[in-house]
$ cat start05.pdb   # PDB, C-alpha atoms, pLDDT in the B column
ATOM      1  CA  GLN A   3    -120.761 -55.427  52.056  1.00 83.00           C
ATOM      2  CA  VAL A   4    -122.518 -52.392  53.468  1.00 90.00           C
ATOM      3  CA  GLN A   5    -121.925 -48.814  52.379  1.00 93.00           C
ATOM      4  CA  LEU A   6    -122.975 -45.693  54.232  1.00 95.00           C
ATOM      5  CA  VAL A   7    -123.496 -42.400  52.443  1.00 94.00           C
ATOM      6  CA  GLU A   8    -123.961 -39.236  54.477  1.00 95.00           C
ATOM      7  CA  SER A   9    -125.405 -35.982  53.211  1.00 95.00           C
ATOM      8  CA  GLY A  10    -126.771 -32.700  54.500  1.00 97.00           C
ATOM      9  CA  GLY A  11    -123.705 -30.997  55.911  1.00 96.00           C
ATOM     10  CA  GLY A  12    -122.764 -27.438  55.144  1.00 97.00           C
ATOM     11  CA  LEU A  13    -122.265 -23.935  56.471  1.00 98.00           C
ATOM     12  CA  VAL A  14    -124.910 -22.502  58.774  1.00 98.00           C
ATOM     13  CA  GLN A  15    -125.115 -19.470  61.042  1.00 98.00           C
ATOM     14  CA  PRO A  16    -125.367 -19.864  64.810  1.00 98.00           C
ATOM     15  CA  GLY A  17    -128.941 -20.616  65.764  1.00 98.00           C
ATOM     16  CA  GLY A  18    -129.641 -22.244  62.430  1.00 98.00           C
ATOM     17  CA  SER A  19    -130.633 -25.794  61.544  1.00 98.00           C
ATOM     18  CA  LEU A  20    -129.370 -28.638  59.417  1.00 98.00           C
ATOM     19  CA  ARG A  21    -130.614 -32.150  58.749  1.00 98.00           C
ATOM     20  CA  LEU A  22    -128.095 -34.901  58.151  1.00 98.00           C
ATOM     21  CA  SER A  23    -128.989 -38.136  56.391  1.00 98.00           C
ATOM     22  CA  CYS A  24    -127.184 -41.448  56.261  1.00 97.00           C
ATOM     23  CA  ALA A  25    -128.336 -44.131  53.868  1.00 95.00           C
ATOM     24  CA  ALA A  26    -127.120 -47.708  54.228  1.00 93.00           C
ATOM     25  CA  SER A  27    -126.943 -49.850  51.110  1.00 90.00           C
ATOM     26  CA  GLY A  28    -126.127 -53.494  50.709  1.00 84.00           C
ATOM     27  CA  SER A  29    -127.780 -56.771  51.519  1.00 77.00           C
ATOM     28  CA  GLY A  30    -127.868 -59.430  54.135  1.00 75.00           C
ATOM     29  CA  PHE A  31    -127.371 -57.256  57.155  1.00 79.00           C
ATOM     30  CA  SER A  32    -129.413 -56.687  60.261  1.00 83.00           C
ATOM     31  CA  VAL A  33    -129.176 -53.309  61.939  1.00 83.00           C
ATOM     32  CA  ASN A  34    -128.656 -53.252  65.687  1.00 86.00           C
ATOM     33  CA  VAL A  35    -127.705 -49.620  66.176  1.00 93.00           C
ATOM     34  CA  MET A  36    -127.238 -46.604  63.951  1.00 94.00           C
ATOM     35  CA  GLY A  37    -125.639 -43.481  65.222  1.00 96.00           C
ATOM     36  CA  TRP A  38    -123.907 -40.201  64.560  1.00 98.00           C
ATOM     37  CA  TYR A  39    -120.467 -39.280  65.784  1.00 98.00           C
ATOM     38  CA  ARG A  40    -118.491 -36.102  65.262  1.00 98.00           C
ATOM     39  CA  GLN A  41    -114.881 -35.086  65.293  1.00 98.00           C
ATOM     40  CA  ALA A  42    -113.718 -31.519  65.600  1.00 96.00           C
ATOM     41  CA  PRO A  43    -110.174 -30.484  64.622  1.00 92.00           C
ATOM     42  CA  GLY A  44    -107.673 -31.632  67.217  1.00 94.00           C
ATOM     43  CA  LYS A  45    -110.274 -33.549  69.198  1.00 96.00           C
ATOM     44  CA  GLN A  46    -111.320 -37.159  69.536  1.00 97.00           C
ATOM     45  CA  ARG A  47    -114.350 -38.557  67.793  1.00 97.00           C
ATOM     46  CA  GLU A  48    -117.362 -38.462  70.080  1.00 98.00           C
ATOM     47  CA  LEU A  49    -120.831 -39.954  70.084  1.00 98.00           C
ATOM     48  CA  VAL A  50    -123.568 -37.445  69.293  1.00 98.00           C
ATOM     49  CA  ALA A  51    -126.692 -39.608  69.134  1.00 98.00           C
ATOM     50  CA  ALA A  52    -127.713 -43.199  68.545  1.00 98.00           C
ATOM     51  CA  ILE A  53    -130.879 -45.161  67.850  1.00 96.00           C
ATOM     52  CA  THR A  54    -131.376 -48.879  68.342  1.00 94.00           C
ATOM     53  CA  SER A  55    -133.418 -51.353  66.348  1.00 90.00           C
ATOM     54  CA  GLY A  56    -136.044 -50.969  69.047  1.00 91.00           C
ATOM     55  CA  ALA A  57    -136.118 -47.198  68.514  1.00 92.00           C
ATOM     56  CA  SER A  58    -134.436 -46.346  71.810  1.00 96.00           C
ATOM     57  CA  THR A  59    -132.420 -43.164  71.507  1.00 97.00           C
ATOM     58  CA  SER A  60    -129.511 -41.650  73.364  1.00 97.00           C
ATOM     59  CA  TYR A  61    -127.770 -38.276  73.118  1.00 98.00           C
ATOM     60  CA  ARG A  62    -124.692 -36.627  74.477  1.00 98.00           C
ATOM     61  CA  ASP A  63    -125.613 -34.013  77.055  1.00 97.00           C
ATOM     62  CA  SER A  64    -124.488 -31.024  75.009  1.00 97.00           C
ATOM     63  CA  VAL A  65    -127.003 -31.719  72.212  1.00 98.00           C
ATOM     64  CA  LYS A  66    -130.017 -32.818  74.250  1.00 98.00           C
ATOM     65  CA  GLY A  67    -133.042 -30.711  73.411  1.00 97.00           C
ATOM     66  CA  ARG A  68    -131.423 -29.438  70.203  1.00 98.00           C
ATOM     67  CA  PHE A  69    -130.719 -32.559  68.136  1.00 98.00           C
ATOM     68  CA  THR A  70    -133.104 -35.361  67.229  1.00 98.00           C
ATOM     69  CA  ILE A  71    -132.138 -38.716  65.748  1.00 98.00           C
ATOM     70  CA  SER A  72    -134.670 -40.725  63.764  1.00 97.00           C
ATOM     71  CA  ARG A  73    -134.705 -43.682  61.452  1.00 94.00           C
ATOM     72  CA  ASP A  74    -136.579 -44.818  58.347  1.00 92.00           C
ATOM     73  CA  ILE A  75    -136.391 -48.593  58.575  1.00 86.00           C
ATOM     74  CA  PRO A  76    -137.573 -49.493  55.025  1.00 86.00           C
ATOM     75  CA  LYS A  77    -135.006 -47.078  53.597  1.00 89.00           C
ATOM     76  CA  ASN A  78    -132.247 -48.101  56.054  1.00 89.00           C
ATOM     77  CA  THR A  79    -131.681 -44.416  56.596  1.00 93.00           C
ATOM     78  CA  VAL A  80    -130.916 -42.513  59.775  1.00 96.00           C
ATOM     79  CA  TYR A  81    -131.392 -38.779  60.195  1.00 98.00           C
ATOM     80  CA  LEU A  82    -130.024 -36.190  62.561  1.00 98.00           C
ATOM     81  CA  GLN A  83    -132.079 -33.025  62.855  1.00 98.00           C
ATOM     82  CA  MET A  84    -129.881 -30.334  64.344  1.00 98.00           C
ATOM     83  CA  ASN A  85    -131.482 -27.152  65.626  1.00 98.00           C
ATOM     84  CA  SER A  86    -130.118 -24.145  67.508  1.00 98.00           C
ATOM     85  CA  LEU A  87    -126.670 -24.898  66.204  1.00 98.00           C
ATOM     86  CA  LYS A  88    -123.679 -23.444  67.998  1.00 98.00           C
ATOM     87  CA  PRO A  89    -120.115 -22.802  66.812  1.00 97.00           C
ATOM     88  CA  GLU A  90    -118.957 -25.639  69.065  1.00 97.00           C
ATOM     89  CA  ASP A  91    -121.059 -28.036  66.972  1.00 98.00           C
ATOM     90  CA  THR A  92    -118.627 -27.502  64.107  1.00 98.00           C
ATOM     91  CA  ALA A  93    -117.121 -30.869  63.162  1.00 98.00           C
ATOM     92  CA  VAL A  94    -117.091 -33.662  60.651  1.00 98.00           C
ATOM     93  CA  TYR A  95    -120.127 -35.810  61.371  1.00 98.00           C
ATOM     94  CA  TYR A  96    -119.859 -39.548  60.783  1.00 98.00           C
ATOM     95  CA  CYS A  97    -122.565 -42.142  60.504  1.00 97.00           C
ATOM     96  CA  LYS A  98    -122.025 -45.497  62.197  1.00 96.00           C
ATOM     97  CA  LEU A  99    -123.900 -48.727  61.636  1.00 95.00           C
ATOM     98  CA  VAL A 100    -123.602 -51.689  63.972  1.00 94.00           C
ATOM     99  CA  THR A 101    -124.842 -55.016  62.668  1.00 91.00           C
ATOM    100  CA  THR A 102    -124.861 -58.426  64.293  1.00 87.00           C
ATOM    101  CA  TYR A 103    -121.267 -59.082  63.269  1.00 87.00           C
ATOM    102  CA  LEU A 104    -119.649 -55.912  61.938  1.00 92.00           C
ATOM    103  CA  THR A 105    -119.439 -52.155  62.354  1.00 94.00           C
ATOM    104  CA  TYR A 106    -119.434 -49.744  59.431  1.00 95.00           C
ATOM    105  CA  TRP A 107    -118.552 -46.066  59.151  1.00 96.00           C
ATOM    106  CA  GLY A 108    -119.428 -43.447  56.606  1.00 96.00           C
ATOM    107  CA  LYS A 109    -116.861 -41.048  55.195  1.00 96.00           C
ATOM    108  CA  GLY A 110    -118.279 -38.072  57.029  1.00 97.00           C
ATOM    109  CA  THR A 111    -119.955 -34.781  56.220  1.00 97.00           C
ATOM    110  CA  LEU A 112    -118.659 -31.404  57.368  1.00 98.00           C
ATOM    111  CA  VAL A 113    -120.852 -29.138  59.457  1.00 98.00           C
ATOM    112  CA  THR A 114    -119.588 -25.601  59.979  1.00 98.00           C
ATOM    113  CA  VAL A 115    -121.432 -23.234  62.297  1.00 98.00           C
ATOM    114  CA  SER A 116    -120.169 -19.709  61.816  1.00 97.00           C
ATOM    115  CA  SER A 117    -121.377 -16.188  61.224  1.00 95.00           C
TER     116      SER A 117
END
$ encode --input "start05.pdb" --output "structure tokens"
Amino acid sequence: QVQLVESGGGLVQPGGSLRLSCAASGSGFSVNVMGWYRQAPGKQRELVAAITSGASTSYRDSVKGRFTISRDIPKNTVYLQMNSLKPEDTAVYYCKLVTTYLTYWGKGTLVTVSS
């Protein structure tokens, strides 16, 4: 069984920065992809950024140049550095882990961008 615990959300002013963390605990799993999704009120969950076991990264267009995903392999932790935040980035951010056989989701962390 794998558990994901996100942290780092909060309230930030437009133009500010936040760093989200997602730590995976458990045993006997091999990570293929870790990623961050977000869901704003009344909208569908959408992919924000992902990183593969080979360190390839991908981003949705609206966050390119502002967000950076990274991973600490020994700690099984993925990070999302978010800079130049905008009100439209406000959402619950979820961590996703894809292993060889299963997919796991965290419970989410709220990011609010407002003045």
$ residues_around --input "start05.pdb" --residues "stretch 108-112 of chain A" --least-positions-apart "2" --cutoff "10 Å" --atoms "only C-alpha atoms" --output "NGL selection string"
:A and (4-13 or 22-26 or 38-42 or 92-99 or 106 or 114-115)
$ residues_around --input "start05.pdb" --residues "A:Pro16" --least-positions-apart "3" --cutoff "8 Å" --atoms "all atoms listed in the file" --output "PyMOL selection string"
chain A and resi 86-89+115-117
$ resolve_selection --input "start05.pdb" --expression "the PyMOL selection byres ((chain A and resi 51) around 9)" --output "list in words"
Met36, Gly37, Trp38, Tyr39, Leu49, Val50, Ala52, Ile53, Thr59, Ser60, Tyr61, Arg62, Val65, Phe69, Thr70, Ile71 and Leu82 of chain A
$ closest_residue --input "start05.pdb" --among "A:Pro76, A:Gly30, A:Gly67, A:Gly17" --to "A:Thr102" --atoms "only C-alpha atoms"
A:Gly30
$ closest_residue --input "start05.pdb" --among "A:Gln46, A:Gln15, A:Ser64, A:Ser27" --to "A:Asn78" --atoms "all atoms listed in the file"
A:Ser27
$ closest_residue --input "start05.pdb" --among "A:Thr79, A:Asn34, A:Ser72, A:Ser19" --to "A:Thr54" --atoms "all atoms listed in the file"
A:Asn34
$ closest_residue --input "start05.pdb" --among "A:Val80, A:Val100, A:Val14, A:Leu20" --to "A:Arg68" --atoms "only C-alpha atoms"
A:Leu20
$ atom_distance --input "start05.pdb" --atom1 "atom CA of A:Met84" --atom2 "atom CA of A:Lys66"
10.2 Å
$ atom_distance --input "start05.pdb" --atom1 "atom CA of A:Thr101" --atom2 "atom CA of A:Val113"
26.4 Å
$ build_atoms --input "start05.pdb" --residues "stretch 58-69 of chain A" --atoms "all heavy atoms" --output "mmCIF file, in the frame of the given file"
data_model
loop_
_atom_site.group_PDB
_atom_site.id
_atom_site.type_symbol
_atom_site.label_atom_id
_atom_site.label_comp_id
_atom_site.auth_asym_id
_atom_site.auth_seq_id
_atom_site.Cartn_x
_atom_site.Cartn_y
_atom_site.Cartn_z
ATOM 1 N N SER A 58 -134.950 -47.075 70.646
ATOM 2 C CA SER A 58 -134.436 -46.346 71.810
ATOM 3 C C SER A 58 -133.361 -45.379 71.350
ATOM 4 O O SER A 58 -132.535 -45.720 70.502
ATOM 5 C CB SER A 58 -133.855 -47.315 72.834
ATOM 6 O OG SER A 58 -134.847 -48.163 73.350
ATOM 7 N N THR A 59 -133.375 -44.185 71.917
ATOM 8 C CA THR A 59 -132.420 -43.164 71.507
ATOM 9 C C THR A 59 -131.559 -42.713 72.686
ATOM 10 O O THR A 59 -131.959 -42.821 73.850
ATOM 11 C CB THR A 59 -133.129 -41.938 70.927
ATOM 12 O OG1 THR A 59 -134.017 -41.401 71.909
ATOM 13 C CG2 THR A 59 -133.908 -42.301 69.676
ATOM 14 N N SER A 60 -130.394 -42.217 72.358
ATOM 15 C CA SER A 60 -129.511 -41.650 73.364
ATOM 16 C C SER A 60 -128.768 -40.474 72.750
ATOM 17 O O SER A 60 -128.518 -40.458 71.541
ATOM 18 C CB SER A 60 -128.517 -42.691 73.890
ATOM 19 O OG SER A 60 -127.733 -43.213 72.839
ATOM 20 N N TYR A 61 -128.427 -39.499 73.578
ATOM 21 C CA TYR A 61 -127.770 -38.276 73.118
ATOM 22 C C TYR A 61 -126.683 -37.875 74.101
ATOM 23 O O TYR A 61 -126.796 -38.114 75.311
ATOM 24 C CB TYR A 61 -128.781 -37.121 73.042
ATOM 25 C CG TYR A 61 -129.932 -37.344 72.097
ATOM 26 C CD1 TYR A 61 -131.112 -37.950 72.520
ATOM 27 C CD2 TYR A 61 -129.844 -36.933 70.768
ATOM 28 C CE1 TYR A 61 -132.171 -38.153 71.658
ATOM 29 C CE2 TYR A 61 -130.909 -37.132 69.889
ATOM 30 C CZ TYR A 61 -132.055 -37.744 70.346
ATOM 31 O OH TYR A 61 -133.099 -37.939 69.476
ATOM 32 N N ARG A 62 -125.646 -37.217 73.566
ATOM 33 C CA ARG A 62 -124.692 -36.627 74.477
ATOM 34 C C ARG A 62 -125.355 -35.398 75.099
ATOM 35 O O ARG A 62 -126.217 -34.765 74.485
ATOM 36 C CB ARG A 62 -123.388 -36.280 73.787
ATOM 37 C CG ARG A 62 -123.398 -35.136 72.812
ATOM 38 C CD ARG A 62 -122.001 -34.929 72.224
ATOM 39 N NE ARG A 62 -120.997 -34.701 73.228
ATOM 40 C CZ ARG A 62 -120.125 -35.614 73.639
ATOM 41 N NH1 ARG A 62 -120.149 -36.851 73.120
ATOM 42 N NH2 ARG A 62 -119.220 -35.329 74.564
ATOM 43 N N ASP A 63 -124.937 -35.066 76.298
ATOM 44 C CA ASP A 63 -125.613 -34.013 77.055
ATOM 45 C C ASP A 63 -125.645 -32.682 76.319
ATOM 46 O O ASP A 63 -126.638 -31.951 76.377
ATOM 47 C CB ASP A 63 -124.931 -33.830 78.425
ATOM 48 C CG ASP A 63 -125.225 -34.966 79.371
ATOM 49 O OD1 ASP A 63 -126.156 -35.754 79.101
ATOM 50 O OD2 ASP A 63 -124.522 -35.087 80.389
ATOM 51 N N SER A 64 -124.591 -32.351 75.620
ATOM 52 C CA SER A 64 -124.488 -31.024 75.009
ATOM 53 C C SER A 64 -125.451 -30.812 73.851
ATOM 54 O O SER A 64 -125.642 -29.670 73.410
ATOM 55 C CB SER A 64 -123.056 -30.768 74.538
ATOM 56 O OG SER A 64 -122.676 -31.716 73.562
ATOM 57 N N VAL A 65 -126.079 -31.877 73.340
ATOM 58 C CA VAL A 65 -127.003 -31.719 72.212
ATOM 59 C C VAL A 65 -128.439 -32.035 72.599
ATOM 60 O O VAL A 65 -129.345 -31.864 71.778
ATOM 61 C CB VAL A 65 -126.584 -32.589 71.012
ATOM 62 C CG1 VAL A 65 -125.126 -32.321 70.634
ATOM 63 C CG2 VAL A 65 -126.829 -34.058 71.263
ATOM 64 N N LYS A 66 -128.658 -32.484 73.818
ATOM 65 C CA LYS A 66 -130.017 -32.818 74.250
ATOM 66 C C LYS A 66 -130.919 -31.588 74.143
ATOM 67 O O LYS A 66 -130.555 -30.497 74.553
ATOM 68 C CB LYS A 66 -129.995 -33.339 75.686
ATOM 69 C CG LYS A 66 -129.455 -34.748 75.822
ATOM 70 C CD LYS A 66 -129.478 -35.212 77.275
ATOM 71 C CE LYS A 66 -128.937 -36.633 77.405
ATOM 72 N NZ LYS A 66 -128.885 -37.076 78.826
ATOM 73 N N GLY A 67 -132.104 -31.808 73.587
ATOM 74 C CA GLY A 67 -133.042 -30.711 73.411
ATOM 75 C C GLY A 67 -132.831 -29.926 72.127
ATOM 76 O O GLY A 67 -133.681 -29.106 71.754
ATOM 77 N N ARG A 68 -131.698 -30.155 71.449
ATOM 78 C CA ARG A 68 -131.423 -29.438 70.203
ATOM 79 C C ARG A 68 -131.376 -30.386 69.008
ATOM 80 O O ARG A 68 -131.775 -30.013 67.908
ATOM 81 C CB ARG A 68 -130.088 -28.693 70.301
ATOM 82 C CG ARG A 68 -130.022 -27.658 71.412
ATOM 83 C CD ARG A 68 -128.740 -26.819 71.310
ATOM 84 N NE ARG A 68 -127.535 -27.621 71.482
ATOM 85 C CZ ARG A 68 -126.551 -27.680 70.586
ATOM 86 N NH1 ARG A 68 -126.639 -27.009 69.440
ATOM 87 N NH2 ARG A 68 -125.470 -28.420 70.830
ATOM 88 N N PHE A 69 -130.863 -31.584 69.221
ATOM 89 C CA PHE A 69 -130.719 -32.559 68.136
ATOM 90 C C PHE A 69 -131.729 -33.686 68.316
ATOM 91 O O PHE A 69 -132.045 -34.076 69.449
ATOM 92 C CB PHE A 69 -129.323 -33.172 68.137
ATOM 93 C CG PHE A 69 -128.211 -32.242 67.748
ATOM 94 C CD1 PHE A 69 -128.404 -30.883 67.615
ATOM 95 C CD2 PHE A 69 -126.939 -32.751 67.517
ATOM 96 C CE1 PHE A 69 -127.365 -30.028 67.263
ATOM 97 C CE2 PHE A 69 -125.891 -31.921 67.157
ATOM 98 C CZ PHE A 69 -126.112 -30.562 67.039
#
